[in-house]
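Structure, as structure tokens:
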Amino acid sequence: MPHNLVIVESPSKAKTIGKYLGPGYEVLASFGHVRDLPPKDGSVRPDEDFAMEWELGDRAAKPVRDILTAAKAADTIFLATDPDREGEAISWHLEQILRDKKLDKGRTIGRVTFNEITKGAIQAAFKHPREVNAELVEAYLARRALDYLVGFTLSPILWRKLPGARSAGRVQSVALRLICERETEIEKFRAEEYWTIEATIAAPDGSTFPARLTHWEGQKLEKFSITREAEARAIADKLVGQSFTVAAQTKKEVRRNPGPPFITSSMQMESARKLGFGAQATMRLAQQLYEGVDIGGETVGLITYMRTDGVQLSEEAIGSCRSMIDQMYGQDYLPAAPRVYVSKAKNAQEAHEAIRPTDLHRHPDKVKKYLNDDQLALYDMIWKRTLAAQMESAVLDQTTIDLSGPNNSTLRASGSVIKFDGFLKVYTEGKDDVTDGASKSEDDENRRLPSLKDGAVLPAKEISPEQHFTQPPPRYSEATLVKALEELGIGRPSTYASIINVLQERNYVALDRKRFIPSDRGRIVTSFLENFFHKYVEYDFTAGLEEQLDDVSGGRLNWKKLLRDFWGDFSAAIDSAKPLTITQVIDTLDAELEAHLFPPRADGTDPRKCPLDGGRLGLKLGRFGAFIGCSNYPECEYKRPMSVGEGGATGEDGENNGPRVLGTHPDTGDNIEVKIGPYGPYVEMPGPEGKPKRASLPRGAKIADLTLEKAVDLLLLPKDLGIFPETGEKILANVGRFGPYVQAGKIFASVPKGEDILEVGLNRAIALLMDKKEKMKPLRILGEHPEGGEVGIYAGRFGPTVRHNNREANLTRVVVIDDITLEEAIKLLAEKGRARLGTKTKPAKKAAAKKAAPKTVAKVAGKKPARAKAK
């Protein structure tokens, strides 16, 4: 029988495919990429027509060795890596390694691809092997060379000109610019006040409905037509107690169509909105569903390949969808013809299907017992979205009623009710943030207006002016950032998760309440690139490069011409930046970031004035990054982190790990500082008799979130909460080495994670202490100790213990508590916990053999005596 070797990326994929192929096939995993460019100068050599040097990855040696050994015994070698550019690149690397070892001689090497890991798809793919796609490989080589040339040429410039900066990347720097620009928009935003007049109208049937004033004295009211409270109240006063006439009614039927099946980016966005999963977590779960899950003893791939930007479905999948819709919901929910979708995204590659279940008949309820909660949530979302994409449109009845009133005024009421739910029966798409909180259409949905006759006169039960303020644009979430990158044509669907991850790893951004906030390091890097390498962080330029890479993969552009054109301009930009001095860079960034670093003060004083000697504050660069310092440095030693804003003070690492002044105590005027000690961050201020008063930050608290007010509250600890009724002792709240706790005498109870020690009141403290007291009760009383007092078994921090007075001995968790006798417990206590019941003692070292044995030795359960632990 011929011997066939199949190479895939992952062991789980290998396991699934191996079952489908049967005997005669050996399936091995490469464990991802096997080769990469060494992280050193010269891995891509532009002077040698962009020659590239490759080396095996850190973890690739053993998998490659196993593959080469197996290849020697194989008649045919199948490269079955993923069906995208990265998968094609891995197959190319493997083929090159095999050819370098002459293992292509006398053997056939074929490339097979499949969009889903099912028995039918696998067997069909192996009947039609092909060669590695040279054009896709060239696109990969061009992309890899571009990323290397930007990273290894631009990053050293950053390190020299901006100490503390980490790196720059071709795509990550553009994504960072998006986040920084949004933050600048928020900082520059100034809220504007405006007013609306809201009414509650009584209908003849006794019901009421809301309406809003749209015209006054014959003039249409725009958003900022009423900007003062006095004006709003004057208008409202004229309408109070008045009646309004039904002047016009408009009814129309609106059809709402379902969204297309998921592609990589839309799956990431919707997963973030509906499930709260980050891009990386979503892709990890999707990979598990794609590669296979054990369903009743058979490993089955539940979804198609998850890195795709094609929205189309196969005819077979569409047929399966329509069959399920008819079966589950009936003909009313089935469109007359299948829905056909075309991608609207820039640079879409529609070679692959959308992400869908491999078998629509595997309803989420049927597979839930085989999946964990996160896997099930994602599979359920994919299943419902796929089915909904082929369902009938939802039909809504929208009604608008105009009511005329005094002073030539008009009130308008809008309502919308679902007449036919259509695809909404299965799936409703998640929503992103909207500015001004003004999504009135959502409020109107499912608001049914009463049936009224034209000319009917209706009284206003209530007229009220309402104040509003414009809202700043929201910070990017993972979902909205992915959406922005996709719309701009920056990056690829398969790279969004890694882009986001790199920005966080470099401490360029932080994710706070699921929103991205740029760190000061991130803002400095972005400002530097915008000023000195502007072209290379332009959105259009980056998207244009992606289009050129698509042209390479489509055979329309030579990959080395792309590199030559890019390198000519880029190397010139690098050369022009090399003579820049750090002073020139700092002066430029100081001016560029002035609004961020020195925002106007409420009292109108100069935000650049040094509080110590009146010098001019400005941006400085130290060994570990940027900070704000005085122009009279080093005579004046004033310095602070770059910014003190809404999120507290931040340094080059997102958290300043050096001493800094938070402000002055409101009662004493003493400086309050935040510092880092051996057990974590703490706040400090001068105390009585020259001894400083300190308070630790609660476990998990970030320095970046610390405010002066919070620090003042922490310095009040330990805080007297009241009396513990069980003992009559004071209850104290405090923060210790292991986190926040409450204490009453000798009873200590930890405050659970997520609870603020400063918010814990008397009732909560009593509940925690009572719970702890209950846990302090023995699990079992063994009897009286010969020396007096009870011997008991208690629940300890690391498992059960036997205890007598102040002595205790640990028990292993495998011991059955009911089996322990009083005699065994007394022997263990005699050793003060040096011997563990049910464990073997380690042999004594020879050097210690000469020492005398301890006077009291416990012999438990037939074990050898335990040696005393050296003090």
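Chain labels follow the order of the structure tokens: the first chain is A, the next B, and so on; residue numbering restarts at 1 in every chain, and ligands are counted from 1 in their shown order.
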Check your understanding: Using the chain letters and numbers from this document, which residues of range 232-348 of chain A does DSSP assign to strand (DSSP E), as an MDAnalysis selection string?
Key -> chainID A and resid 243:256 293:295 298:300
Please dump the current selection as a PDB file, in the first residue's frame; keep N, CA, C and O atoms.
ATOM      1  N   SER A 243     -54.500  72.473  23.752  1.00  0.00           N
ATOM      2  CA  SER A 243     -54.900  71.301  22.975  1.00  0.00           C
ATOM      3  C   SER A 243     -54.314  71.396  21.580  1.00  0.00           C
ATOM      4  O   SER A 243     -54.013  72.493  21.080  1.00  0.00           O
ATOM      5  N   PHE A 244     -54.171  70.236  20.932  1.00  0.00           N
ATOM      6  CA  PHE A 244     -53.539  70.178  19.613  1.00  0.00           C
ATOM      7  C   PHE A 244     -54.422  69.373  18.657  1.00  0.00           C
ATOM      8  O   PHE A 244     -55.112  68.440  19.075  1.00  0.00           O
ATOM      9  N   THR A 245     -54.384  69.772  17.383  1.00  0.00           N
ATOM     10  CA  THR A 245     -55.241  69.175  16.366  1.00  0.00           C
ATOM     11  C   THR A 245     -54.428  68.249  15.470  1.00  0.00           C
ATOM     12  O   THR A 245     -53.316  68.596  15.045  1.00  0.00           O
ATOM     13  N   VAL A 246     -54.998  67.077  15.186  1.00  0.00           N
ATOM     14  CA  VAL A 246     -54.324  66.137  14.283  1.00  0.00           C
ATOM     15  C   VAL A 246     -54.333  66.735  12.889  1.00  0.00           C
ATOM     16  O   VAL A 246     -55.384  66.846  12.238  1.00  0.00           O
ATOM     17  N   ALA A 247     -53.155  67.156  12.416  1.00  0.00           N
ATOM     18  CA  ALA A 247     -53.064  67.849  11.129  1.00  0.00           C
ATOM     19  C   ALA A 247     -52.705  66.901   9.989  1.00  0.00           C
ATOM     20  O   ALA A 247     -53.150  67.094   8.851  1.00  0.00           O
ATOM     21  N   ALA A 248     -51.891  65.902  10.260  1.00  0.00           N
ATOM     22  CA  ALA A 248     -51.469  64.982   9.190  1.00  0.00           C
ATOM     23  C   ALA A 248     -51.023  63.662   9.810  1.00  0.00           C
ATOM     24  O   ALA A 248     -50.463  63.638  10.909  1.00  0.00           O
ATOM     25  N   GLN A 249     -51.297  62.590   9.096  1.00  0.00           N
ATOM     26  CA  GLN A 249     -50.844  61.264   9.514  1.00  0.00           C
ATOM     27  C   GLN A 249     -50.205  60.566   8.321  1.00  0.00           C
ATOM     28  O   GLN A 249     -50.772  60.563   7.231  1.00  0.00           O
ATOM     29  N   THR A 250     -49.020  60.011   8.556  1.00  0.00           N
ATOM     30  CA  THR A 250     -48.316  59.301   7.476  1.00  0.00           C
ATOM     31  C   THR A 250     -48.010  57.890   7.938  1.00  0.00           C
ATOM     32  O   THR A 250     -47.426  57.686   9.012  1.00  0.00           O
ATOM     33  N   LYS A 251     -48.420  56.945   7.122  1.00  0.00           N
ATOM     34  CA  LYS A 251     -48.126  55.546   7.429  1.00  0.00           C
ATOM     35  C   LYS A 251     -47.425  54.925   6.227  1.00  0.00           C
ATOM     36  O   LYS A 251     -47.852  55.106   5.093  1.00  0.00           O
ATOM     37  N   LYS A 252     -46.335  54.216   6.516  1.00  0.00           N
ATOM     38  CA  LYS A 252     -45.642  53.529   5.419  1.00  0.00           C
ATOM     39  C   LYS A 252     -45.057  52.213   5.925  1.00  0.00           C
ATOM     40  O   LYS A 252     -44.745  52.063   7.106  1.00  0.00           O
ATOM     41  N   GLU A 253     -44.918  51.311   4.981  1.00  0.00           N
ATOM     42  CA  GLU A 253     -44.364  49.997   5.296  1.00  0.00           C
ATOM     43  C   GLU A 253     -42.890  49.982   4.927  1.00  0.00           C
ATOM     44  O   GLU A 253     -42.517  50.368   3.819  1.00  0.00           O
ATOM     45  N   VAL A 254     -42.057  49.569   5.864  1.00  0.00           N
ATOM     46  CA  VAL A 254     -40.602  49.559   5.645  1.00  0.00           C
ATOM     47  C   VAL A 254     -40.093  48.126   5.779  1.00  0.00           C
ATOM     48  O   VAL A 254     -40.475  47.403   6.700  1.00  0.00           O
ATOM     49  N   ARG A 255     -39.240  47.729   4.839  1.00  0.00           N
ATOM     50  CA  ARG A 255     -38.660  46.384   4.872  1.00  0.00           C
ATOM     51  C   ARG A 255     -37.214  46.477   5.377  1.00  0.00           C
ATOM     52  O   ARG A 255     -36.441  47.331   4.935  1.00  0.00           O
ATOM     53  N   ARG A 256     -36.863  45.631   6.309  1.00  0.00           N
ATOM     54  CA  ARG A 256     -35.496  45.585   6.819  1.00  0.00           C
ATOM     55  C   ARG A 256     -34.888  44.236   6.436  1.00  0.00           C
ATOM     56  O   ARG A 256     -35.429  43.180   6.768  1.00  0.00           O
ATOM     57  N   VAL A 293     -14.303  19.241  17.016  1.00  0.00           N
ATOM     58  CA  VAL A 293     -14.750  19.009  18.387  1.00  0.00           C
ATOM     59  C   VAL A 293     -15.263  17.581  18.460  1.00  0.00           C
ATOM     60  O   VAL A 293     -15.882  17.079  17.518  1.00  0.00           O
ATOM     61  N   ASP A 294     -15.003  16.916  19.561  1.00  0.00           N
ATOM     62  CA  ASP A 294     -15.458  15.535  19.739  1.00  0.00           C
ATOM     63  C   ASP A 294     -16.963  15.528  19.956  1.00  0.00           C
ATOM     64  O   ASP A 294     -17.474  15.991  20.966  1.00  0.00           O
ATOM     65  N   ILE A 295     -17.693  14.974  18.981  1.00  0.00           N
ATOM     66  CA  ILE A 295     -19.152  14.879  19.050  1.00  0.00           C
ATOM     67  C   ILE A 295     -19.511  13.398  19.101  1.00  0.00           C
ATOM     68  O   ILE A 295     -19.475  12.709  18.086  1.00  0.00           O
ATOM     69  N   GLU A 298     -16.801  11.112  17.682  1.00  0.00           N
ATOM     70  CA  GLU A 298     -16.277  11.472  16.362  1.00  0.00           C
ATOM     71  C   GLU A 298     -15.838  12.928  16.373  1.00  0.00           C
ATOM     72  O   GLU A 298     -16.576  13.803  16.824  1.00  0.00           O
ATOM     73  N   THR A 299     -14.629  13.191  15.886  1.00  0.00           N
ATOM     74  CA  THR A 299     -14.139  14.569  15.822  1.00  0.00           C
ATOM     75  C   THR A 299     -14.706  15.241  14.575  1.00  0.00           C
ATOM     76  O   THR A 299     -14.506  14.758  13.452  1.00  0.00           O
ATOM     77  N   VAL A 300     -15.415  16.345  14.781  1.00  0.00           N
ATOM     78  CA  VAL A 300     -16.136  17.000  13.687  1.00  0.00           C
ATOM     79  C   VAL A 300     -15.793  18.485  13.659  1.00  0.00           C
ATOM     80  O   VAL A 300     -15.814  19.151  14.688  1.00  0.00           O
TER      81      VAL A 300
END
Practice item. Skip Lys578 in chain A itself and residues of its chain fewer than 3 positions away, then list as an MDAnalysis selection string all residues within 8 Å of it, counting only C-alpha atoms. Key: chainID A and resid 157 574:575
Can I get the selected residues back with C-alpha atoms, as a short mmCIF file (atom, residue, chain, number, x, y, z; two decimals), in the first residue's frame?
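File again.cif, as written:
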data_model
loop_
_atom_site.label_atom_id
_atom_site.label_comp_id
_atom_site.auth_asym_id
_atom_site.auth_seq_id
_atom_site.Cartn_x
_atom_site.Cartn_y
_atom_site.Cartn_z
CA ILE A 157 15.28 55.55 14.72
CA ILE A 574 15.05 57.27 6.97
CA ASP A 575 18.22 59.05 5.82
#
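Here CA of Gln96 in chain A and CA of Tyr290 in chain A stand 27.5 Å from one another.
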Exercise for review: Go ahead and compute the interatomic distance for CA of Pro607 in chain A and CA of Ile628 in chain A, in Å to one decimal.
Suggested key: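 So the two atoms, CA of Pro607 in chain A and CA of Ile628 in chain A, lie 11.7 Å apart.
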Review point. Can you list, as a ChimeraX atom specification, every protein, DNA or RNA residue that comes within 12 Å of range 17-21 of chain A when you count only C-alpha atoms, leaving out same-chain residues fewer than 6 positions away?
Key: /A:4-11,27-29,80-81,114,116-127,290-292,294,297-301
Review point. Looking at only C-alpha atoms, which of A:Val674, A:Leu708, A:Ser494, A:Asn115 is the one that sits closest to Arg694 in chain A?
Key: A:Val674
Exercise for review: Determine, counting only C-alpha atoms, which protein, DNA and RNA residues have an atom within 10 Å of an atom of Ala394 in chain A; residues of the same chain fewer than 3 positions away are not included. Present the result as a list in words.
Suggested key: Val254, Arg255, Arg256, Asn257, Pro258, Tyr333, Met391, Ile418, Lys419, Phe420, Asp421, Gly422, Phe423, Leu424 and Lys425 of chain A
Exercise for review: With a distance cut-off of 12 Å and only C-alpha atoms, select the neighbouring residues of Arg284 in chain A, excluding the residue or stretch itself and same-chain residues fewer than 3 positions from it, and output the selection as a VMD selection string.
Suggested key: chain A and resid 268 277 to 281 287 to 291 306 to 307 374 to 375 378 494 497 to 498
Store the residues picked out above in a file with N, CA, C and O atoms, as an mmCIF file, in the first residue's frame.
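Saved result, selection16.cif, follows:
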data_model
loop_
_atom_site.group_PDB
_atom_site.id
_atom_site.type_symbol
_atom_site.label_atom_id
_atom_site.label_comp_id
_atom_site.auth_asym_id
_atom_site.auth_seq_id
_atom_site.Cartn_x
_atom_site.Cartn_y
_atom_site.Cartn_z
ATOM 1 N N GLN A 268 -15.703 39.154 14.323
ATOM 2 C CA GLN A 268 -14.990 39.760 15.453
ATOM 3 C C GLN A 268 -15.797 40.918 16.037
ATOM 4 O O GLN A 268 -15.893 41.065 17.259
ATOM 5 N N PHE A 277 -16.357 39.169 23.662
ATOM 6 C CA PHE A 277 -15.070 38.527 23.398
ATOM 7 C C PHE A 277 -14.177 39.475 22.603
ATOM 8 O O PHE A 277 -14.639 40.115 21.652
ATOM 9 N N GLY A 278 -12.896 39.528 22.949
ATOM 10 C CA GLY A 278 -11.931 40.279 22.167
ATOM 11 C C GLY A 278 -11.642 39.570 20.849
ATOM 12 O O GLY A 278 -12.013 38.404 20.650
ATOM 13 N N ALA A 279 -10.943 40.286 19.947
ATOM 14 C CA ALA A 279 -10.658 39.718 18.629
ATOM 15 C C ALA A 279 -9.849 38.436 18.741
ATOM 16 O O ALA A 279 -10.125 37.442 18.054
ATOM 17 N N GLN A 280 -8.838 38.430 19.606
ATOM 18 C CA GLN A 280 -8.004 37.229 19.749
ATOM 19 C C GLN A 280 -8.785 36.062 20.325
ATOM 20 O O GLN A 280 -8.658 34.926 19.856
ATOM 21 N N ALA A 281 -9.592 36.323 21.328
ATOM 22 C CA ALA A 281 -10.394 35.257 21.942
ATOM 23 C C ALA A 281 -11.375 34.683 20.925
ATOM 24 O O ALA A 281 -11.586 33.466 20.856
ATOM 25 N N GLN A 287 -11.104 28.934 15.779
ATOM 26 C CA GLN A 287 -10.121 27.923 15.362
ATOM 27 C C GLN A 287 -10.486 26.559 15.953
ATOM 28 O O GLN A 287 -10.404 25.533 15.274
ATOM 29 N N GLN A 288 -10.907 26.552 17.208
ATOM 30 C CA GLN A 288 -11.295 25.286 17.842
ATOM 31 C C GLN A 288 -12.517 24.681 17.156
ATOM 32 O O GLN A 288 -12.557 23.463 16.912
ATOM 33 N N LEU A 289 -13.488 25.508 16.827
ATOM 34 C CA LEU A 289 -14.694 25.005 16.156
ATOM 35 C C LEU A 289 -14.375 24.517 14.743
ATOM 36 O O LEU A 289 -14.982 23.556 14.265
ATOM 37 N N TYR A 290 -13.435 25.179 14.081
ATOM 38 C CA TYR A 290 -13.049 24.794 12.716
ATOM 39 C C TYR A 290 -12.263 23.489 12.702
ATOM 40 O O TYR A 290 -12.510 22.598 11.883
ATOM 41 N N GLU A 291 -11.309 23.350 13.628
ATOM 42 C CA GLU A 291 -10.417 22.203 13.592
ATOM 43 C C GLU A 291 -11.075 20.929 14.103
ATOM 44 O O GLU A 291 -10.609 19.834 13.792
ATOM 45 N N MET A 306 -12.236 30.224 9.187
ATOM 46 C CA MET A 306 -12.655 31.475 9.841
ATOM 47 C C MET A 306 -11.865 32.698 9.393
ATOM 48 O O MET A 306 -12.121 33.792 9.883
ATOM 49 N N ARG A 307 -10.889 32.543 8.476
ATOM 50 C CA ARG A 307 -10.176 33.720 7.964
ATOM 51 C C ARG A 307 -10.595 33.925 6.514
ATOM 52 O O ARG A 307 -10.033 33.335 5.600
ATOM 53 N N ASP A 374 -18.138 29.218 26.090
ATOM 54 C CA ASP A 374 -17.674 30.193 25.100
ATOM 55 C C ASP A 374 -17.783 29.640 23.683
ATOM 56 O O ASP A 374 -18.188 30.354 22.751
ATOM 57 N N GLN A 375 -17.417 28.381 23.503
ATOM 58 C CA GLN A 375 -17.545 27.762 22.179
ATOM 59 C C GLN A 375 -19.002 27.749 21.736
ATOM 60 O O GLN A 375 -19.310 28.069 20.581
ATOM 61 N N LEU A 378 -20.288 31.281 20.615
ATOM 62 C CA LEU A 378 -19.845 31.674 19.281
ATOM 63 C C LEU A 378 -20.522 30.831 18.206
ATOM 64 O O LEU A 378 -20.958 31.362 17.172
ATOM 65 N N SER A 494 -7.443 38.678 8.688
ATOM 66 C CA SER A 494 -6.682 37.727 9.497
ATOM 67 C C SER A 494 -5.655 38.403 10.399
ATOM 68 O O SER A 494 -5.090 37.771 11.286
ATOM 69 N N ALA A 497 -6.648 40.894 14.764
ATOM 70 C CA ALA A 497 -6.431 40.460 16.144
ATOM 71 C C ALA A 497 -4.985 40.683 16.570
ATOM 72 O O ALA A 497 -4.714 41.159 17.675
ATOM 73 N N SER A 498 -4.026 40.362 15.679
ATOM 74 C CA SER A 498 -2.614 40.529 16.037
ATOM 75 C C SER A 498 -2.240 42.006 16.121
ATOM 76 O O SER A 498 -1.420 42.396 16.963
#
Practice item. Based on DSSP run over this structure's backbone, return all residues of range 209-242 of chain A in helix (DSSP H, G or I), as an NGL selection string. Key: :A and (229-239)
Keeping N, CA and C atoms for every residue in the selection just given, could you write it to a file as a CSV table (one decimal), in the first residue's frame?
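Writing done, so here's again.csv:
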chain,number,residue,atom,x,y,z
A,229,GLU,N,-32.1,77.8,28.8
A,229,GLU,CA,-33.2,77.3,29.6
A,229,GLU,C,-34.4,78.3,29.6
A,230,ALA,N,-34.1,79.5,29.8
A,230,ALA,CA,-35.1,80.5,29.9
A,230,ALA,C,-36.0,80.5,28.6
A,231,GLU,N,-35.4,80.4,27.5
A,231,GLU,CA,-36.1,80.4,26.2
A,231,GLU,C,-37.0,79.1,26.1
A,232,ALA,N,-36.4,78.0,26.5
A,232,ALA,CA,-37.2,76.7,26.5
A,232,ALA,C,-38.4,76.8,27.4
A,233,ARG,N,-38.2,77.3,28.6
A,233,ARG,CA,-39.3,77.4,29.6
A,233,ARG,C,-40.4,78.4,29.1
A,234,ALA,N,-39.9,79.4,28.5
A,234,ALA,CA,-40.9,80.4,28.0
A,234,ALA,C,-41.8,79.8,26.9
A,235,ILE,N,-41.2,79.0,26.0
A,235,ILE,CA,-42.0,78.3,25.0
A,235,ILE,C,-43.0,77.2,25.7
A,236,ALA,N,-42.4,76.5,26.6
A,236,ALA,CA,-43.2,75.4,27.3
A,236,ALA,C,-44.4,76.0,28.0
A,237,ASP,N,-44.2,77.2,28.7
A,237,ASP,CA,-45.2,77.8,29.4
A,237,ASP,C,-46.4,78.2,28.5
A,238,LYS,N,-46.1,78.6,27.3
A,238,LYS,CA,-47.2,79.0,26.3
A,238,LYS,C,-48.0,77.8,25.8
A,239,LEU,N,-47.4,76.6,26.0
A,239,LEU,CA,-48.1,75.4,25.5
A,239,LEU,C,-48.8,74.6,26.6
Point to revise | Contact residues around range 473-476 of chain A with only C-alpha atoms at 12 Å, ignoring same-chain residues under 5 positions, as a ChimeraX atom specification | key: /A:175-191,269,272,432-437,481-485,500,509-518
Would you mind exporting C-alpha atoms of the selected residues as a PDB file, in the first residue's frame?
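Output file out06.pdb follows:
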ATOM      1  CA  ALA A 175      -4.045  51.666  13.773  1.00  0.00           C
ATOM      2  CA  LEU A 176      -2.406  53.505  16.692  1.00  0.00           C
ATOM      3  CA  ARG A 177      -2.864  56.793  14.830  1.00  0.00           C
ATOM      4  CA  LEU A 178      -6.612  56.095  14.600  1.00  0.00           C
ATOM      5  CA  ILE A 179      -6.843  55.634  18.373  1.00  0.00           C
ATOM      6  CA  CYS A 180      -4.709  58.717  19.119  1.00  0.00           C
ATOM      7  CA  GLU A 181      -6.676  60.922  16.720  1.00  0.00           C
ATOM      8  CA  ARG A 182      -9.928  59.875  18.353  1.00  0.00           C
ATOM      9  CA  GLU A 183      -8.482  60.757  21.769  1.00  0.00           C
ATOM     10  CA  THR A 184      -7.449  64.184  20.451  1.00  0.00           C
ATOM     11  CA  GLU A 185     -10.991  64.722  19.133  1.00  0.00           C
ATOM     12  CA  ILE A 186     -12.347  63.903  22.588  1.00  0.00           C
ATOM     13  CA  GLU A 187      -9.896  66.293  24.298  1.00  0.00           C
ATOM     14  CA  LYS A 188     -10.746  69.129  21.927  1.00  0.00           C
ATOM     15  CA  PHE A 189     -14.472  68.499  22.200  1.00  0.00           C
ATOM     16  CA  ARG A 190     -16.514  71.144  23.965  1.00  0.00           C
ATOM     17  CA  ALA A 191     -20.048  70.178  24.904  1.00  0.00           C
ATOM     18  CA  MET A 269     -17.139  42.896  15.641  1.00  0.00           C
ATOM     19  CA  ALA A 272     -17.294  41.898  20.784  1.00  0.00           C
ATOM     20  CA  ASP A 432     -22.200  50.265  18.268  1.00  0.00           C
ATOM     21  CA  ASP A 433     -22.046  53.479  20.301  1.00  0.00           C
ATOM     22  CA  VAL A 434     -23.810  56.528  18.879  1.00  0.00           C
ATOM     23  CA  THR A 435     -22.871  60.120  19.650  1.00  0.00           C
ATOM     24  CA  ASP A 436     -25.202  62.424  21.592  1.00  0.00           C
ATOM     25  CA  GLY A 437     -27.046  59.355  22.878  1.00  0.00           C
ATOM     26  CA  LEU A 481     -11.661  49.660  15.634  1.00  0.00           C
ATOM     27  CA  VAL A 482     -11.913  46.558  13.462  1.00  0.00           C
ATOM     28  CA  LYS A 483     -14.765  48.213  11.573  1.00  0.00           C
ATOM     29  CA  ALA A 484     -12.696  51.358  10.973  1.00  0.00           C
ATOM     30  CA  LEU A 485      -9.657  49.366   9.791  1.00  0.00           C
ATOM     31  CA  ILE A 500      -4.689  44.942  18.450  1.00  0.00           C
ATOM     32  CA  VAL A 509      -2.810  51.572  24.279  1.00  0.00           C
ATOM     33  CA  ALA A 510      -4.786  50.306  27.257  1.00  0.00           C
ATOM     34  CA  LEU A 511      -8.218  48.710  27.202  1.00  0.00           C
ATOM     35  CA  ASP A 512     -10.356  50.446  29.824  1.00  0.00           C
ATOM     36  CA  ARG A 513     -14.007  49.468  30.156  1.00  0.00           C
ATOM     37  CA  LYS A 514     -13.676  47.832  26.715  1.00  0.00           C
ATOM     38  CA  ARG A 515     -12.482  51.096  25.142  1.00  0.00           C
ATOM     39  CA  PHE A 516      -8.995  51.861  23.835  1.00  0.00           C
ATOM     40  CA  ILE A 517      -7.117  54.738  25.469  1.00  0.00           C
ATOM     41  CA  PRO A 518      -3.700  55.643  24.058  1.00  0.00           C
TER      42      PRO A 518
END
Exercise for review: May I ask which of the residues A:Phe209, A:Trp383, A:Tyr305, A:Tyr539 is the closest one to Pro83 in chain A, counting only C-alpha atoms?
Suggested key: A:Tyr305
**Study point:** Contacts of Arg640 in chain A at 8 Å (only C-alpha atoms; same-chain gap of 5+ positions) as a PyMOL selection string
**Key:** chain A and resi 627-629+660-661
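CA of Gly415 in chain A sits 17.9 Å away from CA of Ile197 in chain A.
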Check your understanding: Which of these residues is nearest to Asn558 in chain A, using only C-alpha atoms: A:Trp92, A:Ala142, A:Lys746, A:Gly106?
Key ->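 Closest to Asn558 in chain A, using only C-alpha atoms: A:Ala142.
Using only C-alpha atoms, the nearest neighbour of Ala317 in chain A within the list A:Arg339, A:Arg356, A:Arg506, A:His215 is A:Arg356.
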Check your understanding: Which of these residues is nearest to Tyr194 in chain A, using only C-alpha atoms: A:Ala572, A:Leu162, A:Met381, A:Leu221?
Key -> A:Leu221
